[in-house]
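First up is the structure itself, then whatever we jot down about it.
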Amino acid sequence: MIVPLNHILLLSGLLFSLGMFCTLARRNLIMMLLGIEIMLNAAAVGFVGASLHWQQMEGQAIVIFILAVAATEVSIGLAAILVVYRRTDSVDPDMNAALWEKGGQR
Amino acid sequence: MSILTLLFYAIALLIVAATAMAVTRRNLVHAVLYLVLSFFGTAMLFYLLGAPFLAALEIIIYAGAIMVLFLFLIMMIRLKKLPGMFFPVGQLLPAILISAGFLVVSSVMIGRNSSGWAPMPAAQASPMAFGVYLFQTHWLAVEIASMLLLVALVGAYILGRRVRGPSADTRKEAP
């Protein structure tokens, strides 16, 4: 006998809110992307717990697709961050348009 | 209370502590390393919850590939120290309010689910059974996921290459 499903869901919710805090509070595009990764991982934990609770493999199959989406999102996101860094020399999310224009003509 | 239950709470504590440390680090490399620890803990949790194949995938893809990609990017760019506070107050208060609000609401909703309080029996899905299930019932979604990864490959290439050609001409004409 392992734990009840609700404890796993509470752990998943706690991880999700930590990731949400990281995405909302940090002034750094890389840390915001890391926060999104934490949120996706929290969702995966919830799906695996639900898969054990109902004895269905559906939840584990969805985790595979969460992994694929996370890999896609991180590769595209990091490439986009690199473009932003080359143009503005910073990874600050609230860069202004003037800095972008100036960086774009360099 | 069996050994598996104790193990679950120990791993849950490890995951939450490592993630909290990762979220609050100023140094990005430290944050990524704490997050690798957190993903290792998640892999152990997956194994405990009866998904050994997903535990292996979690280590290979999350802790291996994705976090190494983050480390590559952090080492490629040279970050200046940002002026001002680490967490700006105007951003910190809404962030705490929103995430704490989400936590409270989700806890209340989970607590209302009365069928989830009974302890679950341990079970394990063998990798072979899981693979057969995945390719029998979700083969179309697997193909779509592979297309998605191809799109990611092409998109990362297009975004990452250095721009030459037409933009170089306009740069010459500009002065």
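If you're wondering about the labels, chains in the structure tokens are A, B, ... by order shown, residues count from 1 in each chain, ligands from 1 in order shown.
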>> Give me the residues near range 37-47 of chain A as a count of residues only, where near means some atom within 6 Å (using only C-alpha atoms) and where sequence neighbours in that chain fewer than 3 positions away do not count.
In response: 9
> Mind listing as an MDAnalysis selection string which residues of chain B are within 6 Å of chain A, counting only C-alpha atoms?
Replying inline: chainID B and resid 4:5 23 91:92 95 99 116:122 149 152 156 159:160
>> Can you pull out the residues contacting Leu37 in chain B? Cut-off 9 Å, using only C-alpha atoms, and skip same-chain residues under 2 positions away; I want them as number ranges by chain.
In response: B: 14-15, 18-19, 32-35, 39-42, 63
> Where does DSSP see helix (DSSP H, G or I) in chain B, if you list the residues as a PyMOL selection string?
Replying inline: chain B and resi 3-24+28-48+52-76+89-112+114-117+127-137+139-160+166-173
>> Applying 6 Å and only C-alpha atoms, which residues near range 44-57 of chain B remain after dropping the ones on its own chain fewer than 6 positions away? List them as a list in words.
In response: Ala123, Gln124, Ala125 and Pro127 of chain B
